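Trainee: Contents of upload08.csv (CSV, C-alpha atoms) are given next:
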```
chain,number,residue,atom,x,y,z
A,793,MET,CA,7.9,-8.7,-20.8
A,794,ALA,CA,6.7,-9.2,-17.3
A,795,LYS,CA,5.8,-6.1,-15.4
A,796,SER,CA,8.0,-5.2,-12.5
A,797,VAL,CA,7.2,-4.3,-8.9
A,798,LEU,CA,9.2,-2.1,-6.5
A,799,LEU,CA,8.1,-3.2,-3.0
A,800,ILE,CA,8.8,-0.5,-0.4
A,801,SER,CA,8.9,-2.1,3.0
A,802,ARG,CA,8.5,0.5,5.7
A,803,GLN,CA,7.6,-1.4,8.9
A,804,ALA,CA,9.8,-2.4,11.7
A,805,PRO,CA,10.0,-6.1,12.3
A,806,TRP,CA,8.7,-5.9,15.8
A,807,ALA,CA,5.7,-3.7,15.0
A,808,GLY,CA,3.3,-6.5,14.3
A,809,ILE,CA,2.9,-8.6,11.2
A,810,GLY,CA,3.2,-5.8,8.6
A,811,ALA,CA,6.8,-6.5,7.7
A,812,ALA,CA,6.3,-10.2,7.4
A,813,GLU,CA,3.2,-9.7,5.2
A,814,ALA,CA,5.2,-7.3,3.0
A,815,LEU,CA,7.9,-9.9,2.6
A,816,ASP,CA,5.3,-12.5,1.6
A,817,ILE,CA,4.4,-10.4,-1.4
A,818,ALA,CA,8.0,-10.6,-2.5
A,819,LEU,CA,8.3,-14.3,-1.9
A,820,ALA,CA,5.1,-14.9,-3.9
A,821,ALA,CA,6.5,-12.9,-6.8
A,822,GLY,CA,9.7,-15.0,-6.6
A,823,ALA,CA,7.7,-18.2,-6.7
A,824,PHE,CA,6.1,-17.1,-9.9
A,825,ASP,CA,9.4,-15.8,-11.4
A,826,LEU,CA,8.1,-12.3,-11.6
A,827,PRO,CA,10.5,-9.3,-11.4
A,828,LEU,CA,10.3,-7.6,-8.0
A,829,SER,CA,12.8,-5.5,-6.1
A,830,ILE,CA,12.6,-4.5,-2.5
A,831,LEU,CA,13.5,-1.2,-1.0
A,832,PHE,CA,13.8,-1.0,2.8
A,833,MET,CA,12.9,2.4,3.9
A,834,ASP,CA,11.9,4.3,7.0
A,835,ASP,CA,11.5,1.8,9.9
A,836,GLY,CA,11.7,-1.0,7.4
A,837,VAL,CA,15.5,-0.6,7.4
A,838,LEU,CA,15.4,-2.1,10.9
A,839,GLN,CA,14.5,-5.5,9.4
A,840,LEU,CA,18.1,-5.7,8.2
A,841,LEU,CA,19.7,-5.1,11.6
A,842,ASP,CA,22.1,-7.8,12.6
A,843,GLN,CA,22.0,-9.6,15.9
A,844,GLN,CA,18.3,-9.3,16.6
A,845,GLN,CA,16.7,-11.5,19.2
A,846,PRO,CA,13.1,-11.7,18.2
A,847,GLN,CA,12.7,-14.8,20.4
A,848,ALA,CA,12.8,-12.4,23.4
A,849,LEU,CA,9.4,-11.3,22.2
A,850,GLU,CA,8.3,-14.8,21.5
A,851,GLN,CA,8.4,-13.9,17.8
A,852,LYS,CA,9.5,-15.8,14.8
A,853,ASP,CA,12.8,-14.7,13.3
A,854,LEU,CA,12.0,-12.6,10.1
A,855,SER,CA,15.6,-12.9,9.0
A,856,ALA,CA,15.1,-16.5,8.0
A,857,ASN,CA,12.5,-15.3,5.4
A,858,LEU,CA,14.8,-12.5,4.4
A,859,GLN,CA,17.6,-14.9,3.8
A,860,ALA,CA,15.3,-17.0,1.6
A,861,LEU,CA,14.8,-14.1,-0.8
A,862,PRO,CA,17.7,-14.9,-3.1
A,863,MET,CA,16.6,-18.5,-3.2
A,864,PHE,CA,13.3,-17.3,-4.5
A,865,GLY,CA,15.1,-15.2,-7.2
A,866,ILE,CA,14.5,-11.9,-5.4
A,867,GLU,CA,18.0,-10.4,-5.6
A,868,GLN,CA,17.4,-6.7,-6.2
A,869,LEU,CA,17.5,-5.6,-2.6
A,870,TYR,CA,18.0,-1.9,-1.6
A,871,VAL,CA,18.2,0.0,1.6
A,872,ALA,CA,17.7,3.7,2.0
A,873,GLN,CA,21.0,5.0,3.5
A,874,HIS,CA,19.4,8.2,4.8
A,875,CYS,CA,16.9,6.1,6.9
A,876,LEU,CA,19.8,4.1,8.3
A,877,THR,CA,21.7,7.3,9.1
A,878,VAL,CA,18.8,9.0,11.0
A,879,ARG,CA,18.4,5.9,13.1
A,880,GLY,CA,22.1,5.9,14.1
A,881,LEU,CA,22.9,2.9,11.9
A,882,ALA,CA,24.9,4.6,9.1
A,883,ASP,CA,27.8,2.2,9.3
A,884,ASN,CA,26.2,-0.8,10.9
A,885,PRO,CA,26.7,-4.2,9.2
A,886,LEU,CA,23.5,-5.5,7.7
A,887,ALA,CA,22.1,-9.0,8.1
A,888,LEU,CA,21.4,-9.2,4.4
A,889,THR,CA,23.3,-8.0,1.3
A,890,ALA,CA,21.4,-5.0,0.2
A,891,GLU,CA,22.7,-2.1,-1.9
A,892,ARG,CA,22.7,1.2,0.1
A,893,VAL,CA,21.0,3.8,-2.0
A,894,ASP,CA,20.6,7.6,-1.8
A,895,ASP,CA,17.5,9.6,-2.6
A,896,GLN,CA,18.5,10.1,-6.2
A,897,ARG,CA,18.9,6.4,-6.7
A,898,ILE,CA,15.5,5.8,-5.1
A,899,GLN,CA,13.9,8.2,-7.5
A,900,GLN,CA,15.5,6.2,-10.3
A,901,LEU,CA,14.3,2.9,-8.8
A,902,ILE,CA,10.7,4.2,-8.7
A,903,ARG,CA,10.9,5.3,-12.3
A,904,GLN,CA,12.4,2.0,-13.4
A,905,HIS,CA,9.5,-0.2,-12.1
A,906,ASP,CA,6.0,-0.6,-13.5
A,907,TYR,CA,4.4,-0.7,-10.1
A,908,VAL,CA,5.3,0.7,-6.6
A,909,MET,CA,3.8,-1.1,-3.7
A,910,THR,CA,4.4,0.2,-0.2
A,911,LEU,CA,3.6,-1.7,3.0
B,1345,MET,CA,-7.4,1.3,-18.7
B,1346,LYS,CA,-7.1,-1.8,-16.4
B,1347,PHE,CA,-6.9,-1.3,-12.6
B,1348,VAL,CA,-6.0,-3.5,-9.7
B,1349,ILE,CA,-7.3,-2.2,-6.4
B,1350,ASN,CA,-5.5,-3.3,-3.3
B,1351,VAL,CA,-7.4,-3.0,0.0
B,1352,LEU,CA,-5.2,-3.2,3.1
B,1353,SER,CA,-7.2,-1.8,5.9
B,1354,SER,CA,-10.4,-2.9,7.7
B,1355,SER,CA,-13.8,-1.6,6.7
B,1356,ASN,CA,-13.6,0.7,9.7
B,1357,ALA,CA,-10.7,2.7,8.2
B,1358,PRO,CA,-11.5,5.7,6.1
B,1359,ALA,CA,-9.1,4.3,3.5
B,1360,THR,CA,-11.5,1.4,2.8
B,1361,ARG,CA,-14.3,3.8,2.1
B,1362,ARG,CA,-12.0,5.8,-0.1
B,1363,ALA,CA,-11.1,2.6,-1.9
B,1364,LEU,CA,-14.7,1.9,-2.6
B,1365,ARG,CA,-15.5,5.4,-3.9
B,1366,PHE,CA,-12.4,5.2,-6.0
B,1367,ALA,CA,-13.4,1.8,-7.4
B,1368,GLN,CA,-16.9,3.1,-8.2
B,1369,ALA,CA,-15.4,6.0,-10.1
B,1370,VAL,CA,-13.1,3.7,-12.0
B,1371,LEU,CA,-16.0,1.8,-13.4
B,1372,ALA,CA,-18.1,4.9,-13.9
B,1373,ALA,CA,-15.3,6.3,-16.1
B,1374,GLY,CA,-15.4,3.2,-18.3
B,1375,HIS,CA,-12.2,1.6,-17.0
B,1376,GLU,CA,-11.9,-2.0,-16.0
B,1377,ILE,CA,-11.1,-3.5,-12.6
B,1378,VAL,CA,-9.1,-6.6,-13.2
B,1379,ARG,CA,-9.2,-7.6,-9.6
B,1380,VAL,CA,-9.8,-6.2,-6.1
B,1381,PHE,CA,-7.3,-7.8,-3.8
B,1382,PHE,CA,-7.8,-7.8,-0.1
B,1383,TYR,CA,-4.7,-8.1,2.0
B,1384,GLN,CA,-3.6,-7.4,5.6
B,1385,ASP,CA,-6.5,-6.0,7.6
B,1386,GLY,CA,-8.3,-5.5,4.3
B,1387,VAL,CA,-9.4,-9.1,4.6
B,1388,LEU,CA,-11.8,-8.1,7.4
B,1389,THR,CA,-13.9,-6.3,4.9
B,1390,ALA,CA,-14.9,-9.7,3.5
B,1391,SER,CA,-16.4,-10.9,6.8
B,1392,ASN,CA,-20.1,-11.3,6.8
B,1393,ASN,CA,-20.2,-11.1,10.6
B,1394,LEU,CA,-19.7,-7.4,10.9
B,1395,VAL,CA,-22.5,-5.6,12.6
B,1396,VAL,CA,-22.6,-1.8,12.1
B,1397,ALA,CA,-24.7,0.6,14.0
B,1398,GLN,CA,-27.7,1.8,12.1
B,1399,ASP,CA,-26.6,5.4,12.0
B,1400,GLN,CA,-23.2,4.5,10.5
B,1401,GLN,CA,-22.2,3.6,7.0
B,1402,ASP,CA,-21.7,-0.1,6.4
B,1403,ILE,CA,-18.7,0.0,4.1
B,1404,ALA,CA,-18.2,-3.7,4.1
B,1405,LYS,CA,-21.7,-4.2,3.0
B,1406,GLN,CA,-21.3,-1.6,0.3
B,1407,TRP,CA,-18.2,-3.2,-0.9
B,1408,GLN,CA,-19.9,-6.6,-1.2
B,1409,ALA,CA,-22.8,-5.0,-3.1
B,1410,PHE,CA,-20.4,-3.3,-5.4
B,1411,ILE,CA,-18.6,-6.5,-6.1
B,1412,THR,CA,-21.6,-8.6,-6.7
B,1413,GLU,CA,-23.5,-6.0,-8.8
B,1414,ASN,CA,-20.5,-5.6,-11.1
B,1415,LYS,CA,-19.4,-9.2,-11.0
B,1416,LEU,CA,-15.9,-8.2,-9.9
B,1417,ASP,CA,-13.1,-10.6,-9.3
B,1418,ALA,CA,-12.6,-10.1,-5.5
B,1419,VAL,CA,-9.8,-12.1,-4.0
B,1420,VAL,CA,-9.0,-12.3,-0.3
B,1421,CYS,CA,-5.5,-13.4,0.6
B,1422,ILE,CA,-6.0,-16.8,2.2
B,1423,ALA,CA,-3.1,-16.6,4.7
B,1424,ALA,CA,-4.0,-13.1,5.8
B,1425,ALA,CA,-7.7,-14.1,6.1
B,1426,LEU,CA,-7.0,-17.3,8.2
B,1427,ARG,CA,-4.9,-15.4,10.7
B,1428,ARG,CA,-7.7,-12.8,11.1
B,1429,GLY,CA,-10.5,-15.3,11.4
B,1430,VAL,CA,-12.1,-15.0,7.9
B,1431,LEU,CA,-12.9,-18.5,6.7
B,1432,ASP,CA,-14.8,-20.1,3.8
B,1433,GLN,CA,-16.5,-23.5,4.0
B,1434,ALA,CA,-13.4,-25.4,3.0
B,1435,GLU,CA,-11.0,-23.7,5.5
B,1436,ALA,CA,-13.5,-24.0,8.3
B,1437,GLN,CA,-13.7,-27.7,7.7
B,1438,ARG,CA,-9.9,-28.0,7.3
B,1439,TYR,CA,-9.2,-26.3,10.6
B,1440,GLN,CA,-12.3,-27.5,12.3
B,1441,ARG,CA,-13.8,-24.1,13.0
B,1442,GLU,CA,-17.5,-23.5,13.5
B,1443,ALA,CA,-17.9,-20.2,11.7
B,1444,VAL,CA,-17.9,-19.7,8.0
B,1445,ASN,CA,-17.9,-16.0,7.5
B,1446,LEU,CA,-16.5,-15.2,4.1
B,1447,ALA,CA,-19.2,-13.1,2.4
B,1448,ASP,CA,-20.6,-14.1,-0.9
B,1449,GLY,CA,-18.8,-12.6,-3.9
B,1450,TYR,CA,-15.3,-13.0,-2.4
B,1451,GLN,CA,-12.9,-15.9,-2.8
B,1452,LEU,CA,-10.0,-17.0,-0.8
B,1453,SER,CA,-6.8,-17.5,-2.7
B,1454,GLY,CA,-3.0,-16.9,-2.6
B,1455,LEU,CA,-0.8,-13.8,-3.1
B,1456,GLY,CA,-0.1,-15.2,-6.6
B,1457,GLN,CA,-3.5,-13.8,-7.6
B,1458,LEU,CA,-2.2,-10.3,-6.7
B,1459,HIS,CA,0.8,-10.8,-9.0
B,1460,ASP,CA,-1.3,-12.3,-11.7
B,1461,ALA,CA,-3.6,-9.3,-11.6
B,1462,LEU,CA,-0.6,-6.9,-11.8
B,1463,GLN,CA,0.6,-8.6,-14.9
B,1464,GLN,CA,-2.8,-8.0,-16.6
B,1465,ALA,CA,-3.3,-4.5,-15.4
B,1466,ASP,CA,-2.0,-1.0,-16.2
B,1467,ARG,CA,-2.3,0.6,-12.8
B,1468,CYS,CA,-2.4,-0.6,-9.3
B,1469,ILE,CA,-3.6,1.5,-6.4
B,1470,SER,CA,-3.4,0.5,-2.8
B,1471,PHE,CA,-5.6,1.8,0.0
B,1472,GLY,CA,-4.2,1.2,3.5
B,1473,GLY,CA,-3.6,2.9,6.8
B,1474,GLU,CA,-6.2,5.4,7.8
C,211,MET,CA,7.4,8.2,-16.6
C,212,THR,CA,6.1,10.2,-13.8
C,213,THR,CA,4.6,8.9,-10.5
C,214,LEU,CA,1.5,9.9,-8.6
C,215,HIS,CA,2.2,9.7,-4.9
C,216,ILE,CA,-0.7,9.2,-2.5
C,217,ILE,CA,-0.3,10.3,1.1
C,218,ASN,CA,-2.9,9.6,3.7
C,219,ALA,CA,-1.3,10.0,7.1
C,220,ALA,CA,-1.1,13.2,9.1
C,221,PRO,CA,2.4,14.8,8.7
C,222,THR,CA,2.6,15.1,12.5
C,223,GLN,CA,2.1,11.3,12.9
C,224,THR,CA,4.4,9.6,10.4
C,225,THR,CA,7.3,10.1,8.1
C,226,GLN,CA,5.1,9.5,5.0
C,227,LEU,CA,5.2,13.0,3.8
C,228,SER,CA,8.9,13.7,4.5
C,229,SER,CA,9.9,10.4,2.9
C,230,CYS,CA,7.8,11.0,-0.1
C,231,LEU,CA,9.2,14.5,-0.6
C,232,ARG,CA,12.8,13.1,-0.5
C,233,VAL,CA,12.2,10.7,-3.4
C,234,LEU,CA,9.9,12.9,-5.5
C,235,SER,CA,11.1,13.2,-9.1
C,236,ALA,CA,10.5,16.2,-11.4
C,237,GLY,CA,7.0,16.0,-12.9
C,238,ASP,CA,5.6,13.8,-10.1
C,239,GLY,CA,2.3,14.6,-8.4
C,240,ILE,CA,1.2,14.2,-4.8
C,241,VAL,CA,-2.4,13.6,-3.8
C,242,PHE,CA,-3.3,14.4,-0.1
C,243,CYS,CA,-6.2,12.5,1.3
C,244,GLY,CA,-7.5,11.5,4.7
C,245,GLU,CA,-5.6,12.9,7.6
C,246,ALA,CA,-2.7,13.9,5.2
C,247,VAL,CA,-4.6,17.0,4.2
C,248,GLN,CA,-3.6,18.5,7.6
C,249,ALA,CA,-0.4,19.2,5.7
C,250,LEU,CA,-2.3,21.9,3.7
C,251,ARG,CA,-3.1,24.1,6.7
C,252,ALA,CA,-1.5,27.4,6.1
C,253,GLY,CA,1.3,28.1,8.5
C,254,SER,CA,1.8,24.5,9.5
C,255,LEU,CA,5.3,23.0,9.4
C,256,ALA,CA,4.3,20.6,6.6
C,257,ALA,CA,2.8,23.4,4.5
C,258,GLN,CA,6.1,25.2,4.7
C,259,GLN,CA,7.9,22.0,3.6
C,260,LEU,CA,5.5,21.8,0.6
C,261,GLN,CA,6.4,25.3,-0.5
C,262,GLY,CA,9.9,24.0,-1.2
C,263,ILE,CA,9.0,21.3,-3.6
C,264,ASP,CA,10.1,21.4,-7.2
C,265,HIS,CA,7.9,23.6,-9.3
C,266,SER,CA,7.4,20.8,-11.8
C,267,CYS,CA,5.5,18.7,-9.1
C,268,LYS,CA,1.8,19.2,-8.7
C,269,VAL,CA,-0.1,19.1,-5.4
C,270,TYR,CA,-3.6,17.7,-5.3
C,271,ALA,CA,-6.0,17.0,-2.4
C,272,LEU,CA,-9.2,15.1,-2.1
C,273,GLU,CA,-11.9,17.7,-1.8
C,274,GLU,CA,-14.1,15.8,0.7
C,275,ASP,CA,-11.2,15.5,3.1
C,276,VAL,CA,-10.3,19.2,2.9
C,277,LEU,CA,-14.0,20.2,3.4
C,278,ALA,CA,-14.5,17.8,6.3
C,279,ARG,CA,-11.5,19.3,8.2
C,280,ALA,CA,-12.3,23.0,7.6
C,281,ILE,CA,-9.0,23.6,5.8
C,282,ASP,CA,-8.6,26.8,3.8
C,283,ALA,CA,-7.0,25.3,0.7
C,284,GLU,CA,-6.9,28.7,-1.1
C,285,ALA,CA,-3.7,29.5,0.8
C,286,LEU,CA,-1.7,26.9,-1.1
C,287,PRO,CA,-1.4,26.1,-4.8
C,288,VAL,CA,-3.4,22.9,-4.5
C,289,THR,CA,-5.9,21.4,-7.0
C,290,LEU,CA,-9.0,19.8,-5.3
C,291,LEU,CA,-10.2,16.5,-6.6
C,292,ASP,CA,-13.4,14.6,-6.6
C,293,TYR,CA,-13.2,10.8,-7.3
C,294,PRO,CA,-13.6,11.0,-11.1
C,295,ALA,CA,-10.7,13.5,-11.2
C,296,PHE,CA,-8.7,11.2,-8.9
C,297,VAL,CA,-9.2,8.3,-11.2
C,298,ALA,CA,-8.2,10.5,-14.2
C,299,LEU,CA,-5.0,11.5,-12.5
C,300,CYS,CA,-4.1,7.8,-11.9
C,301,VAL,CA,-4.4,7.3,-15.6
C,302,ALA,CA,-2.4,10.4,-16.5
C,303,TYR,CA,0.6,9.5,-14.4
C,304,SER,CA,2.6,6.4,-15.3
C,305,ARG,CA,2.3,4.7,-11.9
C,306,VAL,CA,0.6,5.2,-8.5
C,307,SER,CA,2.6,5.0,-5.3
C,308,SER,CA,0.4,4.8,-2.2
C,309,TRP,CA,2.5,5.6,0.9
C,310,THR,CA,0.2,3.6,3.2
```
When written as C-alpha cells, how does the structure in this file appear?
Mentor:
Amino acid sequence: MAKSVLLISRQAPWAGIGAAEALDIALAAGAFDLPLSILFMDDGVLQLLDQQQPQALEQKDLSANLQALPMFGIEQLYVAQHCLTVRGLADNPLALTAERVDDQRIQQLIRQHDYVMTL
Amino acid sequence: MKFVINVLSSSNAPATRRALRFAQAVLAAGHEIVRVFFYQDGVLTASNNLVVAQDQQDIAKQWQAFITENKLDAVVCIAAALRRGVLDQAEAQRYQREAVNLADGYQLSGLGQLHDALQQADRCISFGGE
Amino acid sequence: MTTLHIINAAPTQTTQLSSCLRVLSAGDGIVFCGEAVQALRAGSLAAQQLQGIDHSCKVYALEEDVLARAIDAEALPVTLLDYPAFVALCVAYSRVSSWT
C-alpha cells in the first residue's frame, strides 16, 4: 500500500511563495496518484479565505491551484478551526470545501499518516 | 532504516548545517539515505557560485562533499531552482542564460522525486526555517 | 504510532511551539533545536507552557544549541541530544514532524 502524507500548510498566501510551493507538493502527489491530505493551519488557513484580490498585489491567484486539488485526486482537505477562530474567521465561508477540524481530530490525522510534512 | 532528508533553507540558515550534521549521523549509524531533496530556498545550497568568507563554515561546499563522497542521490527541485537562479546546462540552454551553476553531484528534477523517495523510505525529516 | 515533533523557531517569534503543543498526542516527543531552545530558559513564558504538557510526552533538545545560548537546561526535565542520539530518536518514533 502506498505511504501517505499529511501536508500541513502554515503560510499565508501573500507571504511570498511558500504557500504556493507547499501546494505544488500536493499537486505532485496527486499527479502520481499518491495518498496525500492537506491540513491548513496557522496562517495557512488564510489561503481558504473567500473574496481575496491577489491581483491588487500583482500576484497570481492561488485559489485556482487550490480549486485544482480535487481534479488531481487530492480530496482530503482539512482546516484547523482554532486557527480560523483566533483570526476572527470562525464562521467565515471558505473558498474551498475543507473539513473544519479540532485539535483532537488533528492529533488523529497526524497519527493516521505515514509522513507529516509542514511548509 | 531508510531516510529521506528534505532541505528547505539556504546554506546560510542554521537549519541547513543541522541537516548536514544529521545526515552524516544517519550514515554513521549504518542507516541509508534514499534521497536528499532540496526544495524552496534549499535549492540555493546546490549553487556552485556561493563564495563564503574564509573564517566562516562553507556549508554548501560541505554538503556537496558529503553527497559526492557517499554517492548520495541529491535531487534539486527544478521549478524551485529555476526561480532562484540555479540552472544546469540543459536549463541554461533552454532559457538562454549564461550561467550554469548547479554544483556537481546534484541533479535537477521534479517534485515527483520527493514522493518517489517517500514511497521507498521509512522516515522523512525536513530542515527548514532558521 | 507516536510522533517526534521538531521545533526550530523561537517561541517569541512564531506560533510553532503553541501549535505543536495543541496537537501533541500522548507518547509524542518534542525536539528543540536552533532558536527554539529559547523555550527552555527557566522562568520564560514558553518554559511555563512546557510544564503543562502531558507527562507521557518527552522533551529533548539539541545540546549544541543549548550550550551555544548559555541556557541552564537543568531547570527543566529535558534530555540533551547529540546528532547520533537525534537520529536514534527519529528511528524510535513512528514519524517525524518538523514544524519548519
Trainee: Between A:Ile809, A:Phe864, A:Tyr870, A:Gln803, which is the closest to A:Lys852 once you count only C-alpha atoms?
Mentor: A:Ile809
Trainee: Using all atoms listed in the file, which of the listed residues (A:Asp835, A:Glu867, A:Asp842, A:Glu850) sits closest to chain C?
Mentor: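 Looking at the shortest contact to chain C, the residue is A:Asp835.
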Trainee: Measuring between only C-alpha atoms, which one of C:Val269, C:Trp309, C:Gly262, C:Pro221 shows the shortest distance to chain A?
Mentor: C:Trp309
Trainee: When you draw a straight line from atom CA of A:Leu881 to atom CA of A:Ala818, how long is it in Å?
Mentor: 24.7 Å
Trainee: Would you mind listing, as a list in words, all residues of chain C that have at least one atom within 6 Å of chain A, where all atoms listed in the file are what counts?
Mentor: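 Here they are: Val233, Ser235, Ser307 and Trp309 of chain C.
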Trainee: Could you work out which residues of chain C fall inside 6 Å of chain B? Count all atoms listed in the file, and format the result as an NGL selection string.
Mentor: :C and (293-294 or 306 or 308 or 310)
Trainee: Write a file of the selected residues as a short mmCIF file (atom, residue, chain, number, x, y, z; two decimals), in the frame of the given file, keeping C-alpha atoms.
Mentor:
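out.cif written:
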```
data_model
loop_
_atom_site.label_atom_id
_atom_site.label_comp_id
_atom_site.auth_asym_id
_atom_site.auth_seq_id
_atom_site.Cartn_x
_atom_site.Cartn_y
_atom_site.Cartn_z
CA TYR C 293 -13.20 10.80 -7.30
CA PRO C 294 -13.60 11.00 -11.10
CA VAL C 306 0.60 5.20 -8.50
CA SER C 308 0.40 4.80 -2.20
CA THR C 310 0.20 3.60 3.20
#
```
Trainee: Residues of chain B within 7 Å of chain A, counting only C-alpha atoms, what are they? List them as a ChimeraX atom specification.
Mentor: /B:1455-1456,1459,1463,1468
Trainee: Considering all atoms listed in the file, state which residue in the set B:Asn1350, B:Gln1451, B:Gln1437, B:Gln1457 is at the smallest distance from B:Tyr1383.
Mentor: B:Asn1350
Trainee: Which residues, written as a CSV table (one decimal) with C-alpha atoms, in the frame of the given file, have at least one atom at most 10 Å from stretch 1425-1433 of chain B, with only C-alpha atoms counted and residues fewer than 6 positions away on the same chain left out?
Mentor:
```
chain,number,residue,atom,x,y,z
B,1382,PHE,CA,-7.8,-7.8,-0.1
B,1383,TYR,CA,-4.7,-8.1,2.0
B,1384,GLN,CA,-3.6,-7.4,5.6
B,1385,ASP,CA,-6.5,-6.0,7.6
B,1386,GLY,CA,-8.3,-5.5,4.3
B,1387,VAL,CA,-9.4,-9.1,4.6
B,1388,LEU,CA,-11.8,-8.1,7.4
B,1389,THR,CA,-13.9,-6.3,4.9
B,1390,ALA,CA,-14.9,-9.7,3.5
B,1391,SER,CA,-16.4,-10.9,6.8
B,1392,ASN,CA,-20.1,-11.3,6.8
B,1393,ASN,CA,-20.2,-11.1,10.6
B,1439,TYR,CA,-9.2,-26.3,10.6
B,1441,ARG,CA,-13.8,-24.1,13.0
B,1442,GLU,CA,-17.5,-23.5,13.5
B,1443,ALA,CA,-17.9,-20.2,11.7
B,1444,VAL,CA,-17.9,-19.7,8.0
B,1445,ASN,CA,-17.9,-16.0,7.5
B,1446,LEU,CA,-16.5,-15.2,4.1
B,1447,ALA,CA,-19.2,-13.1,2.4
B,1448,ASP,CA,-20.6,-14.1,-0.9
B,1450,TYR,CA,-15.3,-13.0,-2.4
B,1451,GLN,CA,-12.9,-15.9,-2.8
B,1452,LEU,CA,-10.0,-17.0,-0.8
B,1453,SER,CA,-6.8,-17.5,-2.7
```
Trainee: Take stretch 218-224 of chain C from the preceding structure and save all heavy atoms as a PDB file, in the first residue's frame.
Mentor:
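The resulting selection-v8.pdb:
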```pdb
ATOM      1  N   ASN C 218      12.031  24.533  15.666  1.00  0.00           N
ATOM      2  CA  ASN C 218      13.310  25.248  15.498  1.00  0.00           C
ATOM      3  C   ASN C 218      13.193  26.766  15.506  1.00  0.00           C
ATOM      4  O   ASN C 218      14.168  27.456  15.243  1.00  0.00           O
ATOM      5  CB  ASN C 218      14.035  24.774  14.238  1.00  0.00           C
ATOM      6  CG  ASN C 218      13.337  25.210  12.978  1.00  0.00           C
ATOM      7  OD1 ASN C 218      12.150  25.512  13.009  1.00  0.00           O
ATOM      8  ND2 ASN C 218      14.048  25.249  11.871  1.00  0.00           N
ATOM      9  N   ALA C 219      12.002  27.281  15.805  1.00  0.00           N
ATOM     10  CA  ALA C 219      11.857  28.745  15.842  1.00  0.00           C
ATOM     11  C   ALA C 219      11.657  29.207  17.279  1.00  0.00           C
ATOM     12  O   ALA C 219      11.085  28.489  18.099  1.00  0.00           O
ATOM     13  CB  ALA C 219      10.681  29.183  14.985  1.00  0.00           C
ATOM     14  N   ALA C 220      12.121  30.410  17.560  1.00  0.00           N
ATOM     15  CA  ALA C 220      11.971  30.961  18.909  1.00  0.00           C
ATOM     16  C   ALA C 220      10.484  31.096  19.242  1.00  0.00           C
ATOM     17  O   ALA C 220       9.691  31.513  18.394  1.00  0.00           O
ATOM     18  CB  ALA C 220      12.657  32.320  18.986  1.00  0.00           C
ATOM     19  N   PRO C 221      10.110  30.748  20.474  1.00  0.00           N
ATOM     20  CA  PRO C 221       8.691  30.795  20.866  1.00  0.00           C
ATOM     21  C   PRO C 221       8.135  32.210  20.862  1.00  0.00           C
ATOM     22  O   PRO C 221       6.927  32.407  20.805  1.00  0.00           O
ATOM     23  CB  PRO C 221       8.685  30.200  22.278  1.00  0.00           C
ATOM     24  CG  PRO C 221      10.088  30.374  22.782  1.00  0.00           C
ATOM     25  CD  PRO C 221      10.974  30.287  21.576  1.00  0.00           C
ATOM     26  N   THR C 222       9.044  33.197  20.923  1.00  0.00           N
ATOM     27  CA  THR C 222       8.597  34.585  20.907  1.00  0.00           C
ATOM     28  C   THR C 222       8.394  35.098  19.480  1.00  0.00           C
ATOM     29  O   THR C 222       7.929  36.211  19.277  1.00  0.00           O
ATOM     30  CB  THR C 222       9.635  35.469  21.615  1.00  0.00           C
ATOM     31  OG1 THR C 222      10.933  35.074  21.154  1.00  0.00           O
ATOM     32  CG2 THR C 222       9.581  35.298  23.113  1.00  0.00           C
ATOM     33  N   GLN C 223       8.771  34.292  18.482  1.00  0.00           N
ATOM     34  CA  GLN C 223       8.695  34.733  17.079  1.00  0.00           C
ATOM     35  C   GLN C 223       7.521  34.138  16.315  1.00  0.00           C
ATOM     36  O   GLN C 223       6.953  34.790  15.456  1.00  0.00           O
ATOM     37  CB  GLN C 223       9.986  34.335  16.348  1.00  0.00           C
ATOM     38  CG  GLN C 223      11.196  35.176  16.706  1.00  0.00           C
ATOM     39  CD  GLN C 223      11.152  36.548  16.087  1.00  0.00           C
ATOM     40  OE1 GLN C 223      10.397  36.776  15.165  1.00  0.00           O
ATOM     41  NE2 GLN C 223      11.936  37.463  16.598  1.00  0.00           N
ATOM     42  N   THR C 224       7.238  32.878  16.564  1.00  0.00           N
ATOM     43  CA  THR C 224       6.218  32.206  15.749  1.00  0.00           C
ATOM     44  C   THR C 224       5.273  31.390  16.626  1.00  0.00           C
ATOM     45  O   THR C 224       5.489  31.222  17.828  1.00  0.00           O
ATOM     46  CB  THR C 224       6.846  31.228  14.731  1.00  0.00           C
ATOM     47  OG1 THR C 224       7.233  30.037  15.424  1.00  0.00           O
ATOM     48  CG2 THR C 224       8.052  31.817  14.035  1.00  0.00           C
TER      49      THR C 224
END
```
